[in-house]
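A short worksheet on the structure shown next.
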Amino acid sequence: MSDWTHRHVLDLAAFSLEDYTTVLELAQRFRVMPTSGARKLPALQGRLVTTLFFEPSTRTRSSFELAAKRLSADVQSFSPSSSSLSKGESLLDTVRTYVAMGADLLVVRHRCTAVPAALARDLEASGDRVAVLNGGDGLHSHPSQGLLDLFTLARHFAPEAPSPEALRGRRIVIVGDIVHSRVARSNLWALTACGADVVLCAPATLLPQAFAQFVDAPPPGQASDPVARRGAVIVERDLDRALAGADAVMTFRLQKERMHQHLLTSLESYHRAYGLTHARLERCGSAVPVLHPGPVNRGVEMSGALLDDLRCSLVEEQVTNGIAVRMALLYLLAAG
Ligand code: ASP
């Protein structure tokens with residue numbers, strides 16, 4: 001396993017090919033190893049993992065907490081509604097309280113972009129050793145989801161030895177509400193780093209043309225791209241054309257909570273143009289695997305029948321793989 005240099009995990013734009021290899025290798029070890037019940041691993045015994053989710057979550061939070069428990073860490077979770085935030089305490093003071101209780105690793109989700117990065121910076125500046133893992137910030141980034149999607153695809157293409165190499169030259173279609181999706185952004189960094197070509201597909205209101213240049217330069221504040229050569233990013237408005245020759249397709253939820261204006265004429269017309277169904281996939285002549293990070297709007301971004309069809313739907317597999325990937329991240333950040 002190569003050297004791991006990240007003190008925090010905030011954005012996959014900072015990941016090199018070696019970082020992806022490290023996470024995938026470790027996740028695969030945890031994935032195939034029985035780690036529940038009495039077979040928990042002692043790797044994080046005596047460490048405290050604190051989850052601070054300032055925005056709702058079903059999968060990510062419970063997956064991180066289970067991953068921490070499987071590594072024998074202590075787990076503490078913060079819930080904003082019953083906290084002193086409602087009495088006017090600042091976010092940083094709330095977080096410092098948990099650090100003072102001995103947290104070794106904070107998993108932070110916030111509806112505003114860059115909150116986990118700002119916390120990491122402030123805590124470092126005051127000499128705290130705690131690691132920060134971004135559990136999803138605004139539209140910006142959801143690194144653990146991007147990594148578990150990558151792991152799921154790599155395992156699909158190379159079940160015994162999933163690695164970035166399994167993605168090289170693949171055509172991966174991402175369809176849906178891309179402009180509001182932090183998961184799409186994390187997937188763009190991850191998939192292109194591994195040499196996959198990504199075809200983005202949505203109407204212009206959900207996918208500005210500028211996304212074709214998304215990975216051309218590192219994000220503000222990052223001096224250089226750690227990946228020498230990335231796969232291509234292509235914008236295609238027509239779903240049938242996008243799906244032709246695809247190796248896998250990911251679809252994302254319409255994020256109504258982030259839409260500040262009407263961006264679609266109706267859900268029915270959106271489903272007709274961009275919804276995934278068996279018929280649509282068959283028309284493209286491909287039995288491609290389908291991924292969705294959840295939560296799913298059945299009958300909007302994909303049909304309920306396709307979601308439930310385990311021959312092509314990898315959605316449950318993504319949930320299962322998410323635990324192994326999060327174990328890998330917690331281990332890399334907190335075991336040393
Ligand atoms: N669960 C993912 C997220 O937190 C995707 C979604 O909410 O649609 O970004």
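Quick note on naming: the chains in the structure tokens go A, B, ... in the order shown, residues restart at 1 in each chain, and ligands are numbered from 1 in order of appearance.
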request  = Run DSSP on the backbone and grab whatever in segment 48-210 of chain A lands in alpha helix (DSSP H); send it over as a VMD selection string.
outcome  = chain A and resid 59 to 70 91 to 100 115 to 125 143 to 157 182 to 193
message = If the limit is 6 Å from any atom of ligand 1, counting only C-alpha atoms and all ligand atoms, which residues qualify? Return them as a PyMOL selection string.
response = chain A and resi 136+182-183+253+293-295
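In terms of minimum interatomic distance to Phe252 of chain A, A:Val175 ranks closest within A:Leu307, A:Leu26, A:Val288, A:Val175, counting only C-alpha atoms.
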Segment 122-178 of chain A residues near segment 102-111 of chain A within 7 Å, closest pair each, using only C-alpha atoms, as a tab-separated table:
```
residue	atom	partner	partner_atom	distance
A:Val130	CA	A:Asp104	CA	4.8
A:Ala131	CA	A:Leu105	CA	4.7
A:Val132	CA	A:Leu106	CA	4.9
A:Leu133	CA	A:Val107	CA	4.7
A:Asn134	CA	A:Val108	CA	5.3
A:Gly135	CA	A:Arg109	CA	4.6
A:Gly136	CA	A:Arg109	CA	4.9
A:Asp137	CA	A:His110	CA	5.0
A:Gly138	CA	A:Arg111	CA	4.3
```
ask   = When distances are computed from only C-alpha atoms, which of A:Cys201, A:Val99, A:Val215, A:Leu71 shows the smallest separation from Glu124 of chain A?
value = A:Val99
For Arg326 of chain A, find every residue with an atom within 10 Å (counting only C-alpha atoms), except residues of its own chain fewer than 2 positions away, and show them as a compact mmCIF listing (two decimals) with C-alpha atoms, in the first residue's frame.
```txt
# COMPACT_ATOMS: atom_id res chain seq x y z
CA VAL A 23 -8.61 3.31 -0.83
CA ALA A 27 -11.93 -1.25 0.93
CA PHE A 30 -12.74 -4.89 4.44
CA THR A 60 -24.03 8.44 4.83
CA SER A 63 -22.80 4.03 7.14
CA PHE A 64 -19.97 6.03 8.75
CA GLU A 65 -21.17 5.12 12.23
CA LEU A 66 -21.36 1.42 11.38
CA ALA A 67 -17.95 1.57 9.70
CA ALA A 68 -16.47 3.16 12.83
CA SER A 144 -17.00 9.13 0.39
CA GLN A 145 -19.91 8.74 -2.05
CA LEU A 147 -15.24 6.71 -3.71
CA LEU A 148 -17.94 4.14 -3.03
CA ASN A 321 -19.82 -1.17 -0.42
CA GLY A 322 -20.20 2.20 1.28
CA ILE A 323 -19.43 0.61 4.66
CA ALA A 324 -16.16 -0.91 3.42
CA ALA A 328 -10.97 2.39 4.65
CA LEU A 329 -11.20 6.18 5.00
CA LEU A 330 -11.54 6.09 8.79
CA TYR A 331 -8.63 3.67 9.02
CA LEU A 332 -6.40 5.83 6.81
```
request  = Please return as a PyMOL selection string: the residues of segment 20-90 of chain A that backbone DSSP assigns to strand (DSSP E).
outcome  = chain A and resi 48-53+74-78
Can I get the selected residues back with N, CA and C atoms, as a PDB file, in the first residue's frame?
```
ATOM      1  N   LEU A  48     -12.079   8.069  18.967  1.00  0.00           N
ATOM      2  CA  LEU A  48     -13.449   8.589  18.997  1.00  0.00           C
ATOM      3  C   LEU A  48     -13.788   9.236  17.650  1.00  0.00           C
ATOM      4  N   VAL A  49     -14.826   8.692  17.010  1.00  0.00           N
ATOM      5  CA  VAL A  49     -15.319   9.247  15.740  1.00  0.00           C
ATOM      6  C   VAL A  49     -16.619   9.992  16.039  1.00  0.00           C
ATOM      7  N   THR A  50     -16.673  11.269  15.665  1.00  0.00           N
ATOM      8  CA  THR A  50     -17.871  12.070  15.924  1.00  0.00           C
ATOM      9  C   THR A  50     -18.511  12.471  14.607  1.00  0.00           C
ATOM     10  N   THR A  51     -19.797  12.190  14.455  1.00  0.00           N
ATOM     11  CA  THR A  51     -20.506  12.594  13.231  1.00  0.00           C
ATOM     12  C   THR A  51     -21.311  13.860  13.533  1.00  0.00           C
ATOM     13  N   LEU A  52     -21.080  14.895  12.728  1.00  0.00           N
ATOM     14  CA  LEU A  52     -21.790  16.173  12.894  1.00  0.00           C
ATOM     15  C   LEU A  52     -22.516  16.463  11.596  1.00  0.00           C
ATOM     16  N   PHE A  53     -23.795  16.118  11.539  1.00  0.00           N
ATOM     17  CA  PHE A  53     -24.569  16.282  10.308  1.00  0.00           C
ATOM     18  C   PHE A  53     -25.557  17.433  10.499  1.00  0.00           C
ATOM     19  N   ASP A  74     -15.040   4.335  19.308  1.00  0.00           N
ATOM     20  CA  ASP A  74     -16.216   4.885  19.998  1.00  0.00           C
ATOM     21  C   ASP A  74     -16.861   5.870  19.036  1.00  0.00           C
ATOM     22  N   VAL A  75     -18.198   5.955  19.092  1.00  0.00           N
ATOM     23  CA  VAL A  75     -18.912   6.808  18.140  1.00  0.00           C
ATOM     24  C   VAL A  75     -19.835   7.755  18.896  1.00  0.00           C
ATOM     25  N   GLN A  76     -19.747   9.022  18.521  1.00  0.00           N
ATOM     26  CA  GLN A  76     -20.626  10.013  19.138  1.00  0.00           C
ATOM     27  C   GLN A  76     -21.311  10.775  18.008  1.00  0.00           C
ATOM     28  N   SER A  77     -22.634  11.021  18.134  1.00  0.00           N
ATOM     29  CA  SER A  77     -23.261  11.782  17.054  1.00  0.00           C
ATOM     30  C   SER A  77     -23.977  13.010  17.577  1.00  0.00           C
ATOM     31  N   PHE A  78     -23.858  14.043  16.794  1.00  0.00           N
ATOM     32  CA  PHE A  78     -24.433  15.344  17.128  1.00  0.00           C
ATOM     33  C   PHE A  78     -25.714  15.523  16.320  1.00  0.00           C
TER      34      PHE A  78
END
```
message = Show me, as a list in words, the residues that have an atom within 12 Å of Ala217 of chain A when counting only C-alpha atoms, minus same-chain residues fewer than 6 positions from it.
response = Ala13, Ala14, Trp189, Phe211, Ala223, Ser224, Asp225, Pro226, Val227, Ala228, Arg229 and Arg230 of chain A
Could you write out the selected residues, including N, CA, C and O atoms, as a PDB file, in the first residue's frame?
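Result went into again_34.pdb, see below:
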```pdb
ATOM      1  N   ALA A  13     -10.747  16.226  -5.753  1.00  0.00           N
ATOM      2  CA  ALA A  13      -9.844  16.932  -6.683  1.00  0.00           C
ATOM      3  C   ALA A  13      -8.393  16.811  -6.216  1.00  0.00           C
ATOM      4  O   ALA A  13      -7.467  16.929  -7.015  1.00  0.00           O
ATOM      5  N   ALA A  14      -8.196  16.570  -4.924  1.00  0.00           N
ATOM      6  CA  ALA A  14      -6.833  16.486  -4.367  1.00  0.00           C
ATOM      7  C   ALA A  14      -6.280  15.059  -4.402  1.00  0.00           C
ATOM      8  O   ALA A  14      -5.152  14.826  -3.954  1.00  0.00           O
ATOM      9  N   TRP A 189     -14.311  13.931 -10.660  1.00  0.00           N
ATOM     10  CA  TRP A 189     -12.886  13.867 -10.295  1.00  0.00           C
ATOM     11  C   TRP A 189     -12.409  12.416 -10.254  1.00  0.00           C
ATOM     12  O   TRP A 189     -11.349  12.077 -10.786  1.00  0.00           O
ATOM     13  N   PHE A 211     -19.838  22.457 -17.768  1.00  0.00           N
ATOM     14  CA  PHE A 211     -19.398  21.233 -17.084  1.00  0.00           C
ATOM     15  C   PHE A 211     -18.413  20.422 -17.935  1.00  0.00           C
ATOM     16  O   PHE A 211     -17.658  19.622 -17.413  1.00  0.00           O
ATOM     17  N   ALA A 223      -3.126  24.155  -5.948  1.00  0.00           N
ATOM     18  CA  ALA A 223      -2.121  24.640  -6.902  1.00  0.00           C
ATOM     19  C   ALA A 223      -2.077  23.814  -8.194  1.00  0.00           C
ATOM     20  O   ALA A 223      -1.958  24.360  -9.282  1.00  0.00           O
ATOM     21  N   SER A 224      -2.156  22.488  -8.078  1.00  0.00           N
ATOM     22  CA  SER A 224      -2.005  21.692  -9.304  1.00  0.00           C
ATOM     23  C   SER A 224      -2.875  20.438  -9.230  1.00  0.00           C
ATOM     24  O   SER A 224      -3.355  20.057  -8.156  1.00  0.00           O
ATOM     25  N   ASP A 225      -3.033  19.807 -10.377  1.00  0.00           N
ATOM     26  CA  ASP A 225      -3.818  18.577 -10.450  1.00  0.00           C
ATOM     27  C   ASP A 225      -2.874  17.394 -10.192  1.00  0.00           C
ATOM     28  O   ASP A 225      -1.904  17.218 -10.931  1.00  0.00           O
ATOM     29  N   PRO A 226      -3.130  16.566  -9.172  1.00  0.00           N
ATOM     30  CA  PRO A 226      -2.232  15.437  -8.907  1.00  0.00           C
ATOM     31  C   PRO A 226      -2.336  14.317  -9.938  1.00  0.00           C
ATOM     32  O   PRO A 226      -1.563  13.355  -9.880  1.00  0.00           O
ATOM     33  N   VAL A 227      -3.285  14.441 -10.863  1.00  0.00           N
ATOM     34  CA  VAL A 227      -3.463  13.389 -11.877  1.00  0.00           C
ATOM     35  C   VAL A 227      -2.915  13.905 -13.212  1.00  0.00           C
ATOM     36  O   VAL A 227      -3.338  14.962 -13.697  1.00  0.00           O
ATOM     37  N   ALA A 228      -1.976  13.152 -13.805  1.00  0.00           N
ATOM     38  CA  ALA A 228      -1.295  13.631 -15.018  1.00  0.00           C
ATOM     39  C   ALA A 228      -2.235  13.660 -16.223  1.00  0.00           C
ATOM     40  O   ALA A 228      -2.239  14.609 -16.997  1.00  0.00           O
ATOM     41  N   ARG A 229      -3.052  12.629 -16.381  1.00  0.00           N
ATOM     42  CA  ARG A 229      -3.891  12.549 -17.583  1.00  0.00           C
ATOM     43  C   ARG A 229      -5.267  12.011 -17.197  1.00  0.00           C
ATOM     44  O   ARG A 229      -5.369  10.906 -16.656  1.00  0.00           O
ATOM     45  N   ARG A 230      -6.277  12.799 -17.466  1.00  0.00           N
ATOM     46  CA  ARG A 230      -7.646  12.395 -17.099  1.00  0.00           C
ATOM     47  C   ARG A 230      -8.438  11.941 -18.326  1.00  0.00           C
ATOM     48  O   ARG A 230      -8.111  12.312 -19.454  1.00  0.00           O
TER      49      ARG A 230
END
```
Which residues of segment 290-310 of chain A come within 7 Å of segment 244-251 of chain A, and for each one, what is the closest pair of atoms and their distance in Å to one decimal, counting only C-alpha atoms, sorted by chain and residue number, as a Markdown table?
```
| residue | atom | partner | partner_atom | distance |
| --- | --- | --- | --- | --- |
| A:Val290 | CA | A:Val249 | CA | 5.0 |
| A:Leu291 | CA | A:Met250 | CA | 4.5 |
| A:His292 | CA | A:Thr251 | CA | 5.3 |
| A:Glu301 | CA | A:Thr251 | CA | 6.5 |
```
Take the residues from that selection and write them out as a short mmCIF file (atom, residue, chain, number, x, y, z; two decimals), in the first residue's frame, keeping N, CA, C and O atoms.
```cif
data_model
loop_
_atom_site.label_atom_id
_atom_site.label_comp_id
_atom_site.auth_asym_id
_atom_site.auth_seq_id
_atom_site.Cartn_x
_atom_site.Cartn_y
_atom_site.Cartn_z
N VAL A 290 -26.70 -0.10 -13.44
CA VAL A 290 -27.27 1.22 -13.11
C VAL A 290 -26.95 1.54 -11.66
O VAL A 290 -27.16 0.71 -10.77
N LEU A 291 -26.46 2.75 -11.42
CA LEU A 291 -26.14 3.19 -10.05
C LEU A 291 -26.96 4.43 -9.70
O LEU A 291 -27.30 5.22 -10.58
N HIS A 292 -27.24 4.59 -8.42
CA HIS A 292 -27.93 5.79 -7.91
C HIS A 292 -27.49 5.95 -6.46
O HIS A 292 -27.55 4.97 -5.70
N GLU A 301 -36.34 9.76 -11.75
CA GLU A 301 -35.04 9.52 -12.41
C GLU A 301 -34.88 8.06 -12.88
O GLU A 301 -34.12 7.79 -13.80
#
```
ask   = Nearest to Gly176 of chain A among A:Ala117, A:Val32, A:Val9, A:Ala273, with distances taken over only C-alpha atoms: which residue is it?
value = A:Ala273
key: Point-to-point distance in Å for atom CA of Thr152 of chain A and atom CA of Tyr270 of chain A   = 27.1 Å
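Using only C-alpha atoms, the nearest neighbour of Phe54 of chain A within the list A:Val115, A:Leu41, A:Leu310, A:Ala100 is A:Val115.
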query = Counting only C-alpha atoms, which of A:Pro42, A:Pro203, A:Pro208, A:Pro289 gets nearest to Ala73 of chain A?
reply =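 Of A:Pro42, A:Pro203, A:Pro208, A:Pro289, the one nearest Ala73 of chain A, counting only C-alpha atoms, is A:Pro42.
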